[in-house]
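Structure data (mmCIF, C-alpha atoms) from coords.cif:
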```cif
data_upload
#
loop_
_atom_site.label_atom_id
_atom_site.label_comp_id
_atom_site.auth_asym_id
_atom_site.auth_seq_id
_atom_site.Cartn_x
_atom_site.Cartn_y
_atom_site.Cartn_z
CA MET J 29 -73.27 -51.27 -101.97
CA LYS J 30 -75.47 -54.31 -101.93
CA PRO J 31 -78.24 -54.98 -104.45
CA SER J 32 -81.94 -55.15 -103.57
CA PRO J 33 -83.42 -58.58 -102.92
CA PHE J 34 -84.59 -60.58 -105.92
CA GLU J 35 -85.83 -64.02 -106.81
CA TYR J 36 -83.33 -66.16 -108.75
CA VAL J 37 -84.34 -68.42 -111.63
CA ARG J 38 -81.77 -70.51 -113.47
CA ALA J 39 -82.83 -71.16 -117.08
CA THR J 40 -81.69 -74.44 -118.63
CA SER J 41 -82.70 -73.65 -122.23
CA VAL J 42 -83.75 -70.70 -124.39
CA ALA J 43 -87.36 -71.95 -124.28
CA ASP J 44 -87.11 -72.10 -120.50
CA ALA J 45 -85.81 -68.51 -120.33
CA VAL J 46 -88.52 -67.20 -122.69
CA LYS J 47 -91.18 -68.97 -120.60
CA ALA J 48 -89.80 -67.41 -117.42
CA LEU J 49 -89.80 -63.96 -119.08
CA ALA J 50 -93.45 -64.43 -120.06
CA ALA J 51 -94.34 -65.51 -116.53
CA HIS J 52 -92.61 -62.63 -114.74
CA GLY J 53 -93.10 -59.81 -117.26
CA ASP J 54 -91.38 -56.50 -116.57
CA ARG J 55 -90.47 -57.60 -113.04
CA ALA J 56 -87.71 -59.75 -114.54
CA LYS J 57 -84.32 -59.14 -116.08
CA LEU J 58 -82.07 -61.60 -117.87
CA LEU J 59 -78.68 -62.13 -116.24
CA ALA J 60 -75.85 -63.24 -118.54
CA GLY J 61 -72.28 -62.24 -117.58
CA GLY J 62 -73.59 -59.55 -115.26
CA GLN J 63 -70.71 -57.15 -115.88
CA SER J 64 -73.05 -54.21 -116.58
CA LEU J 65 -76.19 -55.35 -114.77
CA ILE J 66 -74.63 -56.24 -111.41
CA PRO J 67 -72.80 -52.89 -110.96
CA MET J 68 -76.11 -51.13 -111.72
CA MET J 69 -77.84 -53.36 -109.18
CA ASN J 70 -75.10 -52.73 -106.59
CA PHE J 71 -75.67 -49.00 -107.08
CA ARG J 72 -79.44 -49.64 -106.93
CA MET J 73 -79.88 -47.86 -110.23
CA VAL J 74 -81.97 -50.91 -111.14
CA ALA J 75 -83.75 -53.34 -108.85
CA PRO J 76 -85.28 -56.22 -110.81
CA GLU J 77 -87.53 -58.44 -108.70
CA VAL J 78 -86.58 -61.55 -110.63
CA LEU J 79 -83.27 -62.46 -112.27
CA ILE J 80 -83.34 -65.15 -114.93
CA ASP J 81 -79.83 -66.55 -115.19
CA ILE J 82 -79.06 -67.52 -118.81
CA GLY J 83 -75.38 -68.15 -118.10
CA ASN J 84 -75.68 -71.94 -118.04
CA ILE J 85 -77.71 -72.59 -121.20
CA PRO J 86 -75.83 -75.20 -123.25
CA GLY J 87 -74.83 -74.02 -126.73
CA LEU J 88 -75.72 -70.36 -126.19
CA ASP J 89 -72.01 -69.47 -126.38
CA GLU J 90 -71.16 -71.23 -129.64
CA ILE J 91 -69.45 -69.46 -132.53
CA THR J 92 -70.08 -71.12 -135.91
CA ILE J 93 -69.89 -70.33 -139.60
CA GLY J 94 -73.23 -69.87 -141.35
CA ASP J 95 -74.11 -68.91 -144.91
CA GLY J 96 -71.65 -66.07 -145.53
CA SER J 97 -71.71 -65.00 -141.92
CA VAL J 98 -70.21 -65.74 -138.55
CA GLN J 99 -72.94 -66.77 -136.13
CA ILE J 100 -72.08 -65.78 -132.59
CA GLY J 101 -74.14 -67.16 -129.72
CA ALA J 102 -75.37 -64.35 -127.46
CA GLY J 103 -73.77 -66.03 -124.45
CA ALA J 104 -70.24 -66.01 -125.93
CA ARG J 105 -67.85 -64.29 -123.54
CA HIS J 106 -65.98 -61.25 -124.88
CA ASN J 107 -62.55 -62.89 -124.62
CA VAL J 108 -63.78 -65.93 -126.54
CA VAL J 109 -65.19 -63.79 -129.38
CA MET J 110 -62.03 -61.69 -129.46
CA ALA J 111 -59.74 -64.73 -129.69
CA SER J 112 -61.94 -66.68 -132.12
CA ASP J 113 -60.06 -67.58 -135.33
CA VAL J 114 -63.33 -67.46 -137.26
CA VAL J 115 -64.04 -63.90 -136.08
CA ARG J 116 -60.47 -62.76 -136.72
CA GLN J 117 -60.48 -64.18 -140.21
CA HIS J 118 -63.91 -63.10 -141.40
CA CYS J 119 -64.76 -60.05 -139.26
CA PRO J 120 -61.39 -58.43 -138.45
CA LEU J 121 -63.05 -55.09 -137.65
CA LEU J 122 -64.93 -56.75 -134.77
CA ALA J 123 -61.83 -58.54 -133.48
CA ASP J 124 -59.83 -55.30 -133.66
CA ALA J 125 -62.46 -53.23 -131.86
CA TYR J 126 -62.48 -55.81 -129.10
CA SER J 127 -58.96 -54.84 -128.04
CA HIS J 128 -60.55 -51.65 -126.67
CA VAL J 129 -63.41 -53.37 -124.83
CA ALA J 130 -62.99 -53.26 -121.03
CA HIS J 131 -60.23 -55.05 -119.12
CA PHE J 132 -59.25 -58.71 -119.46
CA THR J 133 -61.03 -59.83 -116.29
CA ILE J 134 -64.29 -58.15 -117.32
CA ARG J 135 -63.99 -59.73 -120.79
CA ASN J 136 -63.64 -63.14 -119.16
CA ARG J 137 -67.18 -62.84 -117.87
CA GLY J 138 -69.08 -60.29 -119.93
CA THR J 139 -70.96 -61.61 -122.95
CA ILE J 140 -71.48 -60.09 -126.39
CA GLY J 141 -75.24 -60.49 -126.00
CA GLY J 142 -75.33 -58.72 -122.66
CA ASN J 143 -73.19 -55.91 -124.02
CA ILE J 144 -75.54 -55.39 -126.97
CA CYS J 145 -78.76 -55.52 -124.94
CA HIS J 146 -77.34 -53.14 -122.34
CA HIS J 147 -76.41 -50.72 -125.16
CA ASP J 148 -74.16 -48.31 -123.33
CA PRO J 149 -73.71 -45.38 -125.75
CA ALA J 150 -69.91 -45.57 -125.33
CA SER J 151 -69.78 -49.28 -126.16
CA GLU J 152 -67.66 -50.37 -129.12
CA VAL J 153 -69.52 -53.54 -130.13
CA PRO J 154 -72.90 -51.96 -131.05
CA LEU J 155 -71.08 -49.42 -133.26
CA VAL J 156 -69.06 -52.07 -135.05
CA LEU J 157 -72.02 -54.43 -135.50
CA THR J 158 -73.99 -51.57 -137.05
CA LEU J 159 -71.21 -50.93 -139.57
CA LEU J 160 -70.88 -54.64 -140.29
CA GLY J 161 -74.59 -54.95 -141.07
CA ALA J 162 -75.10 -57.63 -138.42
CA SER J 163 -78.48 -59.24 -137.76
CA LEU J 164 -79.74 -59.98 -134.28
CA VAL J 165 -81.85 -63.07 -133.69
CA LEU J 166 -84.41 -62.66 -130.92
CA ALA J 167 -86.39 -65.48 -129.35
CA GLY J 168 -89.86 -64.67 -128.05
CA PRO J 169 -93.11 -66.43 -127.15
CA LYS J 170 -94.15 -66.46 -130.83
CA GLY J 171 -90.83 -67.81 -132.09
CA ASN J 172 -87.74 -66.14 -133.47
CA ARG J 173 -87.44 -62.85 -135.33
CA THR J 174 -84.38 -61.20 -136.86
CA VAL J 175 -83.67 -57.50 -136.50
CA PRO J 176 -80.91 -55.67 -138.40
CA ALA J 177 -78.43 -53.84 -136.18
CA ASP J 178 -79.41 -50.60 -137.98
CA THR J 179 -82.85 -50.67 -136.38
CA PHE J 180 -81.99 -52.62 -133.21
CA PHE J 181 -80.00 -49.91 -131.46
CA LEU J 182 -82.30 -47.04 -130.49
CA GLY J 183 -81.36 -44.39 -127.94
CA MET J 184 -78.97 -44.59 -125.03
CA MET J 185 -79.49 -47.95 -123.28
CA GLU J 186 -82.51 -48.59 -125.49
CA THR J 187 -82.91 -51.35 -128.06
CA ALA J 188 -85.70 -52.83 -130.16
CA ILE J 189 -85.87 -55.91 -127.93
CA ALA J 190 -89.30 -56.45 -126.33
CA GLU J 191 -89.77 -57.29 -122.67
CA ASP J 192 -90.68 -60.88 -123.46
CA GLU J 193 -87.78 -61.45 -125.87
CA MET J 194 -84.24 -62.69 -125.49
CA LEU J 195 -81.27 -62.17 -127.83
CA VAL J 196 -79.94 -65.58 -128.83
CA ARG J 197 -77.57 -65.04 -131.76
CA ILE J 198 -75.69 -62.39 -133.67
CA ASP J 199 -75.07 -63.04 -137.37
CA VAL J 200 -72.16 -61.00 -138.69
CA PRO J 201 -71.66 -61.06 -142.49
CA PHE J 202 -68.10 -61.79 -143.65
CA GLN J 203 -66.13 -58.70 -144.56
CA PRO J 204 -65.39 -59.00 -148.28
CA ALA J 205 -61.81 -59.67 -149.37
CA GLY J 206 -59.94 -56.49 -150.28
CA GLU J 207 -62.06 -54.28 -148.05
CA GLY J 208 -60.30 -51.67 -145.92
CA TRP J 209 -61.40 -51.17 -142.34
CA SER J 210 -60.24 -49.46 -139.18
CA PHE J 211 -61.19 -48.77 -135.59
CA HIS J 212 -59.72 -46.03 -133.41
CA GLU J 213 -60.61 -44.98 -129.90
CA MET J 214 -59.57 -42.54 -127.19
CA SER J 215 -60.21 -43.31 -123.54
CA VAL J 216 -58.61 -41.96 -120.37
CA ARG J 217 -56.95 -45.33 -119.72
CA LYS J 218 -56.97 -48.32 -122.06
CA GLY J 219 -60.01 -50.44 -121.25
CA ASP J 220 -61.98 -47.54 -119.80
CA TYR J 221 -65.13 -46.13 -121.37
CA ALA J 222 -64.44 -44.50 -124.71
CA ILE J 223 -64.63 -40.74 -125.02
CA VAL J 224 -64.84 -41.00 -128.80
CA CYS J 225 -64.46 -43.95 -131.16
CA ALA J 226 -64.39 -44.02 -134.94
CA ALA J 227 -65.03 -47.03 -137.18
CA VAL J 228 -64.65 -47.26 -140.95
CA ARG J 229 -65.24 -49.77 -143.76
CA LEU J 230 -64.57 -48.96 -147.40
CA THR J 231 -63.18 -50.21 -150.68
CA VAL J 232 -60.95 -48.41 -153.15
CA LYS J 233 -61.69 -48.90 -156.89
CA ASP J 234 -59.90 -47.00 -159.64
CA GLY J 235 -58.52 -44.56 -157.09
CA ALA J 236 -61.91 -43.73 -155.57
CA PHE J 237 -63.69 -44.63 -152.33
CA HIS J 238 -66.70 -46.97 -152.53
CA ASP J 239 -68.99 -48.93 -150.20
CA VAL J 240 -68.17 -46.44 -147.48
CA ARG J 241 -69.48 -46.90 -143.98
CA VAL J 242 -68.37 -44.52 -141.26
CA GLY J 243 -69.63 -44.31 -137.70
CA PHE J 244 -68.73 -42.73 -134.38
CA ASN J 245 -69.53 -43.04 -130.70
CA GLY J 246 -69.32 -39.92 -128.57
CA ALA J 247 -70.40 -37.62 -131.42
CA GLY J 248 -73.65 -36.75 -129.68
CA THR J 249 -75.79 -37.79 -132.64
CA GLU J 250 -78.81 -40.07 -132.63
CA THR J 251 -77.34 -42.51 -135.12
CA LYS J 252 -74.04 -44.32 -135.13
CA ARG J 253 -73.46 -44.13 -138.90
CA MET J 254 -73.10 -40.66 -140.36
CA ALA J 255 -74.76 -40.56 -143.78
CA GLY J 256 -73.34 -37.10 -144.52
CA VAL J 257 -69.78 -38.29 -143.99
CA GLU J 258 -70.35 -41.40 -146.08
CA GLN J 259 -71.70 -39.23 -148.92
CA ALA J 260 -68.66 -36.96 -148.68
CA LEU J 261 -66.48 -39.99 -149.43
CA GLU J 262 -68.52 -42.26 -151.71
CA GLY J 263 -67.21 -42.19 -155.28
CA LYS J 264 -64.70 -39.43 -154.48
CA PRO J 265 -60.94 -39.68 -155.15
CA ALA J 266 -59.16 -41.60 -152.39
CA THR J 267 -57.03 -38.60 -151.46
CA ASP J 268 -56.05 -36.79 -148.28
CA ALA J 269 -58.15 -33.83 -149.44
CA THR J 270 -61.30 -36.00 -149.61
CA ILE J 271 -60.57 -37.38 -146.15
CA ALA J 272 -60.03 -33.88 -144.74
CA ALA J 273 -63.32 -32.68 -146.22
CA ALA J 274 -65.21 -35.73 -144.89
CA VAL J 275 -63.79 -35.32 -141.41
CA LYS J 276 -64.90 -31.69 -141.44
CA VAL J 277 -68.43 -32.85 -142.28
CA ALA J 278 -68.29 -35.25 -139.31
CA VAL J 279 -67.35 -32.43 -136.96
CA ASP J 280 -70.10 -30.18 -138.39
CA LEU J 281 -72.73 -32.92 -138.03
CA SER J 282 -71.67 -33.81 -134.50
CA ASP J 283 -73.27 -32.40 -131.39
CA PRO J 284 -71.18 -33.70 -128.48
CA SER J 285 -71.87 -32.54 -124.93
CA ASP J 286 -69.56 -31.81 -122.01
CA ASP J 287 -69.29 -34.63 -119.50
CA VAL J 288 -67.06 -35.76 -116.66
CA GLN J 289 -64.49 -37.19 -119.07
CA ALA J 290 -64.11 -34.43 -121.63
CA ASP J 291 -65.67 -31.22 -122.89
CA ALA J 292 -67.39 -30.89 -126.24
CA ALA J 293 -64.52 -29.00 -127.89
CA TYR J 294 -62.08 -31.80 -127.07
CA LYS J 295 -64.53 -34.39 -128.39
CA ARG J 296 -64.79 -32.47 -131.67
CA ASP J 297 -60.98 -32.52 -131.89
CA LEU J 298 -61.06 -36.26 -131.28
CA LEU J 299 -63.71 -36.80 -133.96
CA SER J 300 -61.48 -35.01 -136.39
CA ALA J 301 -58.24 -36.78 -135.41
CA LEU J 302 -59.64 -40.31 -134.95
CA GLY J 303 -61.83 -39.99 -138.05
CA ARG J 304 -58.80 -39.03 -140.16
CA ARG J 305 -56.62 -41.82 -138.71
CA ALA J 306 -59.34 -44.42 -139.25
CA LEU J 307 -59.97 -43.34 -142.85
CA GLU J 308 -56.26 -43.27 -143.67
CA GLN J 309 -55.71 -46.71 -142.16
CA ALA J 310 -58.75 -48.17 -143.95
CA ARG J 311 -57.48 -46.73 -147.23
CA ALA J 312 -54.05 -48.28 -146.63
CA ARG J 313 -55.60 -51.66 -145.86
CA ALA J 314 -57.91 -51.69 -148.90
CA SER J 315 -56.50 -53.42 -151.94
CA ASN J 316 -56.64 -51.32 -155.09
CA MET U 19 -85.96 -65.67 -99.22
CA LYS U 20 -82.88 -67.73 -98.51
CA THR U 21 -81.75 -70.53 -100.70
CA SER U 22 -79.17 -73.24 -100.17
CA VAL U 23 -75.93 -72.57 -102.03
CA SER U 24 -73.02 -74.97 -102.15
CA LEU U 25 -69.81 -73.69 -103.69
CA LYS U 26 -66.56 -75.44 -104.42
CA ILE U 27 -63.81 -73.05 -103.37
CA ASN U 28 -60.18 -74.13 -103.74
CA GLY U 29 -61.42 -77.72 -104.12
CA LYS U 30 -63.41 -77.69 -100.87
CA SER U 31 -67.20 -77.50 -100.60
CA TYR U 32 -68.86 -74.76 -98.57
CA GLN U 33 -72.62 -74.84 -98.06
CA ASP U 34 -74.86 -72.18 -96.53
CA ASP U 35 -78.35 -70.72 -96.80
CA VAL U 36 -78.02 -67.29 -98.39
CA GLU U 37 -80.17 -64.74 -100.18
CA PRO U 38 -79.85 -64.80 -103.98
CA ARG U 39 -78.51 -61.24 -103.79
CA THR U 40 -75.48 -62.40 -101.77
CA LEU U 41 -72.42 -61.43 -103.77
CA LEU U 42 -69.75 -64.04 -104.37
CA SER U 43 -67.29 -61.78 -102.51
CA ASP U 44 -69.51 -61.82 -99.40
CA PHE U 45 -70.04 -65.57 -99.61
CA ILE U 46 -66.28 -66.13 -99.78
CA ARG U 47 -65.56 -63.88 -96.78
CA HIS U 48 -68.58 -64.28 -94.52
CA HIS U 49 -69.91 -67.73 -95.29
CA ALA U 50 -66.76 -69.62 -96.30
CA GLY U 51 -64.63 -67.57 -93.89
CA LEU U 52 -61.86 -67.01 -96.42
CA LYS U 53 -60.69 -63.46 -95.68
CA GLY U 54 -57.88 -63.30 -98.23
CA THR U 55 -60.26 -61.89 -100.85
CA HIS U 56 -60.70 -58.17 -100.19
CA VAL U 57 -63.72 -56.04 -100.99
CA GLY U 58 -63.01 -52.55 -102.32
CA CYS U 59 -65.55 -50.69 -104.40
CA GLU U 60 -68.31 -53.28 -104.92
CA HIS U 61 -69.04 -52.09 -108.41
CA GLY U 62 -66.30 -53.66 -110.46
CA VAL U 63 -63.87 -50.77 -110.69
CA CYS U 64 -61.02 -51.56 -108.29
CA GLY U 65 -60.38 -55.28 -108.82
CA ALA U 66 -59.42 -55.93 -105.17
CA CYS U 67 -61.95 -58.79 -105.00
CA THR U 68 -60.58 -60.65 -108.04
CA VAL U 69 -60.86 -64.44 -107.80
CA MET U 70 -61.09 -67.13 -110.46
CA ILE U 71 -64.29 -68.73 -111.68
CA ASP U 72 -63.62 -71.89 -113.69
CA GLY U 73 -59.95 -70.93 -113.93
CA LYS U 74 -60.53 -67.42 -115.28
CA THR U 75 -60.22 -64.21 -113.29
CA ALA U 76 -63.49 -62.57 -112.30
CA ARG U 77 -64.50 -59.81 -109.92
CA SER U 78 -66.31 -61.50 -107.08
CA CYS U 79 -68.40 -58.37 -106.41
CA LEU U 80 -69.80 -58.74 -109.94
CA ALA U 81 -71.18 -62.24 -109.45
CA PHE U 82 -73.85 -63.63 -107.17
CA ALA U 83 -72.93 -66.68 -105.10
CA VAL U 84 -76.01 -68.51 -106.41
CA GLN U 85 -74.75 -68.04 -109.99
CA CYS U 86 -71.54 -69.87 -109.12
CA GLN U 87 -73.19 -73.07 -108.01
CA ASP U 88 -71.62 -75.88 -110.10
CA HIS U 89 -68.63 -73.68 -110.98
CA ASP U 90 -65.12 -73.89 -109.50
CA ILE U 91 -63.93 -70.92 -107.46
CA THR U 92 -60.26 -70.26 -106.74
CA THR U 93 -59.10 -67.62 -104.26
CA VAL U 94 -55.74 -66.26 -103.15
CA GLU U 95 -55.65 -68.89 -100.38
CA SER U 96 -54.94 -71.49 -103.07
CA LEU U 97 -51.58 -69.99 -104.02
CA GLY U 98 -49.24 -70.84 -101.15
CA THR U 99 -48.80 -70.95 -97.38
CA GLN U 100 -46.89 -68.73 -94.97
CA GLU U 101 -44.27 -71.44 -94.68
CA GLU U 102 -44.10 -72.04 -98.41
CA LEU U 103 -44.85 -69.01 -100.56
CA SER U 104 -45.69 -69.46 -104.22
CA PRO U 105 -43.22 -67.86 -106.70
CA LEU U 106 -45.58 -64.90 -107.12
CA GLN U 107 -45.97 -64.39 -103.39
CA GLN U 108 -42.19 -64.71 -103.00
CA GLY U 109 -41.73 -62.11 -105.74
CA PHE U 110 -44.10 -59.68 -103.98
CA TRP U 111 -42.23 -60.33 -100.71
CA GLU U 112 -38.80 -59.69 -102.20
CA LYS U 113 -39.70 -56.67 -104.34
CA HIS U 114 -42.00 -54.89 -101.86
CA GLY U 115 -45.02 -55.49 -104.10
CA LEU U 116 -47.36 -54.41 -101.33
CA GLN U 117 -47.66 -51.48 -98.99
CA CYS U 118 -51.08 -51.58 -97.33
CA GLY U 119 -51.83 -54.94 -98.95
CA TYR U 120 -55.44 -54.20 -99.84
CA CYS U 121 -55.07 -54.73 -103.59
CA THR U 122 -52.57 -57.58 -103.26
CA SER U 123 -54.83 -60.61 -103.46
CA GLY U 124 -56.47 -59.23 -106.61
CA MET U 125 -53.08 -58.46 -108.14
CA LEU U 126 -51.86 -61.99 -107.31
CA MET U 127 -54.86 -63.57 -109.00
CA LEU U 128 -54.38 -61.41 -112.13
CA ALA U 129 -50.69 -62.29 -112.22
CA THR U 130 -51.46 -65.98 -111.80
CA GLU U 131 -53.70 -65.86 -114.86
CA LEU U 132 -51.12 -63.86 -116.82
CA LEU U 133 -48.33 -66.36 -116.15
CA GLU U 134 -50.59 -69.26 -117.10
CA HIS U 135 -51.20 -67.66 -120.52
CA ASN U 136 -47.77 -66.12 -120.91
CA PRO U 137 -44.97 -67.56 -118.72
CA THR U 138 -42.41 -64.95 -119.84
CA PRO U 139 -44.26 -61.63 -120.14
CA THR U 140 -42.52 -58.39 -121.03
CA ARG U 141 -42.81 -55.43 -118.69
CA ASP U 142 -45.43 -53.92 -120.98
CA GLU U 143 -47.44 -57.13 -120.98
CA ILE U 144 -47.38 -57.17 -117.17
CA ARG U 145 -48.47 -53.52 -117.17
CA GLU U 146 -51.37 -54.32 -119.50
CA ALA U 147 -52.39 -57.37 -117.43
CA ILE U 148 -52.72 -55.43 -114.17
CA SER U 149 -54.13 -52.29 -115.79
CA GLY U 150 -57.67 -53.08 -114.66
CA ASN U 151 -56.82 -53.17 -110.96
CA LEU U 152 -56.23 -50.19 -108.70
CA CYS U 153 -53.49 -49.81 -106.08
CA ARG U 154 -54.36 -46.74 -104.03
CA CYS U 155 -50.85 -46.72 -102.53
CA THR U 156 -49.87 -46.26 -106.21
CA GLY U 157 -47.20 -48.95 -105.83
CA TYR U 158 -47.52 -50.04 -109.43
CA GLN U 159 -43.81 -50.06 -110.28
CA THR U 160 -42.96 -52.48 -107.46
CA ILE U 161 -45.97 -54.66 -108.35
CA ILE U 162 -44.60 -54.95 -111.88
CA ASP U 163 -41.12 -55.67 -110.43
CA SER U 164 -42.64 -58.38 -108.21
CA ILE U 165 -44.32 -60.18 -111.10
CA ALA U 166 -41.12 -59.95 -113.16
CA ARG U 167 -39.23 -61.39 -110.16
CA ALA U 168 -41.72 -64.30 -109.95
CA VAL U 169 -40.93 -65.12 -113.57
CA GLU U 170 -37.21 -65.29 -112.62
CA ILE U 171 -37.95 -67.44 -109.57
CA LYS U 172 -40.00 -69.84 -111.69
CA ALA U 173 -37.24 -69.99 -114.30
CA GLY U 174 -34.66 -70.66 -111.55
CA THR U 175 -36.80 -73.44 -110.07
CA ALA U 176 -37.22 -74.97 -113.51
CA LEU U 177 -33.44 -74.79 -114.02
CA GLU U 178 -32.77 -76.49 -110.68
CA ALA U 179 -35.27 -79.21 -111.50
CA ALA U 180 -33.55 -79.79 -114.84
CA GLU U 181 -30.10 -80.08 -113.27
#
```
As structure tokens - that is how I would like this structure written.
Amino acid sequence: MKPSPFEYVRATSVADAVKALAAHGDRAKLLAGGQSLIPMMNFRMVAPEVLIDIGNIPGLDEITIGDGSVQIGAGARHNVVMASDVVRQHCPLLADAYSHVAHFTIRNRGTIGGNICHHDPASEVPLVLTLLGASLVLAGPKGNRTVPADTFFLGMMETAIAEDEMLVRIDVPFQPAGEGWSFHEMSVRKGDYAIVCAAVRLTVKDGAFHDVRVGFNGAGTETKRMAGVEQALEGKPATDATIAAAVKVAVDLSDPSDDVQADAAYKRDLLSALGRRALEQARARASN
Amino acid sequence: MKTSVSLKINGKSYQDDVEPRTLLSDFIRHHAGLKGTHVGCEHGVCGACTVMIDGKTARSCLAFAVQCQDHDITTVESLGTQEELSPLQQGFWEKHGLQCGYCTSGMLMLATELLEHNPTPTRDEIREAISGNLCRCTGYQTIIDSIARAVEIKAGTALEAAE
């Protein structure tokens, strides 16, 4: 299908884009890589009257090292983030999760910022950024503000970003040395939307789990991180029995629904299997 | 409201007045008259319309022509001619890499990008590279054979050149 007519504005700077947003209000949408927005427009699920193209703003795609964090420009294309040495070295969980994000051609064009602002509930990057404690820098008419990923991602396709704001940068703290981490996903075909994904960060000290962060997509819960599962692991012996008990908590806390890809019972099986694999792999990667 | 768009496609400039909502795929076919790029699903699922933007594969139904102003577009027409097929086209010819031919131009563009990054891919790497594109004739095995054959043809040409 063809999209509805719209007026096209090409922004040349962040200030320019923010000004255009203020001028056009809720009639406008920002266009970055367009890999989520344009399909929705072609289906006429959305019909913005104005598109503000932020795909040509110089510097918006830079990846640099900040104070203990990797600073990723919102306009960085997925393939660039995934292949970045800085990201691979300091945020391996993010680089690893990226191997499940869409197909190569889509990653050539889609941007990390667009992915985050779109906030598809099946999307890997919002889950991983939540676990990594990332901060999102938003530019608005009154200047910049920083929102932690924990409070940025609201419901399905909803974020804390206001209509007159634009995401400009994602600051991802370095993963500490010795930390264990893992990301596992099941989709019908590799690169397709995830049915369930599981992400884990933890450390192992004196034979016990610490600093545990566990999250899922596809679990049917409001939040990505599962506090109950984290509590079932924190300070407990780093054994198979602890993992089995924690995974059972995850299944009990979950509330998945049937959809076109899988029924709820299968999703609960996946939560259990992927949760266990992710925890075991994170434990193996953690230095004692 | 129409706006003037000038796109560089395969090194040649094409100018026309189009609506901002004109998809790159429609500009390529209807305004530039290059019919090698095929339009399948128009929502980024099938990959038939794959072209390159600035040397990287992209689905031309997931970009507006106006967005591509000042960017280089490459289509399947850039690969070879009927008289002189490119190694990939020759590989598809020899190994029956197409049945109805609808997905072929997208597959050729994906394979072009793959061989630029990885001149000697394994069968699994080829499989992964084309995994995002659909062939509704389900001729995947012969498409993989065709790309593997192109690698051989390229290696043979390189050998001849060295001799």
Could you state which residues are captured by the PyMOL selection byres ((chain J and resi 180) around 12) in this file, as JSON, numbers by chain?
{"J": [144, 145, 146, 147, 154, 155, 157, 158, 161, 162, 163, 164, 165, 166, 173, 174, 175, 176, 177, 178, 179, 181, 182, 183, 184, 185, 186, 187, 188, 189, 190, 195, 198, 251, 252]}
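In plain terms, chain J touches chain U through J:Pro33, J:Ile66, J:Pro67, J:His131, J:Thr133, where touching means an atom at most 6 Å away, counting all atoms listed in the file.
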Next item on the list: Have a look at J:Met194, J:Ala310, J:Ala273, J:Ala290 and name the one nearest to Val228 in chain J; count all atoms listed in the file.
Entry: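 Selected residue with least distance to Val228 in chain J: J:Ala310.
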Once you add 4 Å to each side, what are the centre and edge lengths of the axis-aligned box holding all listed atoms of range 65-78 of chain J? One decimal in Å, as AutoDock Vina command-line options, if you can.
```
--center_x -80.2 --center_y -54.7 --center_z -110.7 --size_x 22.7 --size_y 21.7 --size_z 16.2
```
Query raised in the report: What gap, in Å, lies between CA of Val37 in chain J and CA of Asp192 in chain J?
Result: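 We find that CA of Val37 in chain J and CA of Asp192 in chain J lie 15.4 Å from each other.
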Under the PyMOL selection byres ((chain U and resi 94) around 12), which residues of this model are included? Write them out as a PyMOL selection string.
chain U and resi 27-28+46-47+52-56+66-70+75+91-93+95-99+103-104+106-107+121-131
**Asked** In Å, how far is it from CA of Glu77 in chain J to CA of Glu193 in chain J?
**Response**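 Separation between CA of Glu77 in chain J and CA of Glu193 in chain J: 17.4 Å.
Atom to atom, CA of Ile162 in chain U and CA of Cys64 in chain U stand 17.1 Å apart.
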Item checked: Neighbour list for Gly101 in chain J as a list of chain:residue names, cut-off 9 Å, all atoms listed in the file, skip fewer than 2 positions in-chain -> J:Gly87, J:Leu88, J:Asp89, J:Glu90, J:Ile91, J:Thr92, J:Gln99, J:Gly103, J:Ala104, J:Ile140, J:Gly141, J:Leu195, J:Val196, J:Arg197, J:Ile198, J:Asp199
File dump, residues just selected, C-alpha atoms, as a JSON list (two decimals), in the frame of the given file:
```json
[["chain", "number", "residue", "atom", "x", "y", "z"],
["J", 87, "GLY", "CA", -74.83, -74.02, -126.73],
["J", 88, "LEU", "CA", -75.72, -70.36, -126.19],
["J", 89, "ASP", "CA", -72.01, -69.47, -126.38],
["J", 90, "GLU", "CA", -71.16, -71.23, -129.64],
["J", 91, "ILE", "CA", -69.45, -69.46, -132.53],
["J", 92, "THR", "CA", -70.08, -71.12, -135.91],
["J", 99, "GLN", "CA", -72.94, -66.77, -136.13],
["J", 103, "GLY", "CA", -73.77, -66.03, -124.45],
["J", 104, "ALA", "CA", -70.24, -66.01, -125.93],
["J", 140, "ILE", "CA", -71.48, -60.09, -126.39],
["J", 141, "GLY", "CA", -75.24, -60.49, -126.00],
["J", 195, "LEU", "CA", -81.27, -62.17, -127.83],
["J", 196, "VAL", "CA", -79.94, -65.58, -128.83],
["J", 197, "ARG", "CA", -77.57, -65.04, -131.76],
["J", 198, "ILE", "CA", -75.69, -62.39, -133.67],
["J", 199, "ASP", "CA", -75.07, -63.04, -137.37]]
```
Counting all atoms listed in the file, the residue among J:Ala167, J:Val240, J:Ala314, J:Ile271 that lies closest to Gly208 in chain J is J:Ala314
Within 6 Å of His212 in chain J, counting all atoms listed in the file, which residues show up once you throw out same-chain ones fewer than 4 positions away? Write them as a ChimeraX atom specification, please.
-> /J:225-226,302
Nearby residues (all atoms listed in the file) at most 8 Å from range 169-171 of chain U, same-chain spacing under 4 positions excluded, as a PyMOL selection string:
chain U and resi 105-106+109+133+137-138+165+175
Carefully work through the PyMOL selection byres ((chain J and resi 75) around 12) for this structure and note down the residues it includes, as a list in words. Lys30, Pro31, Ser32, Pro33, Phe34, Glu35, Asp54, Arg55, Ala56, Lys57, Leu65, Ile66, Pro67, Met68, Met69, Asn70, Phe71, Arg72, Met73, Val74, Pro76, Glu77, Val78 and Leu79 of chain J; Arg39 of chain U
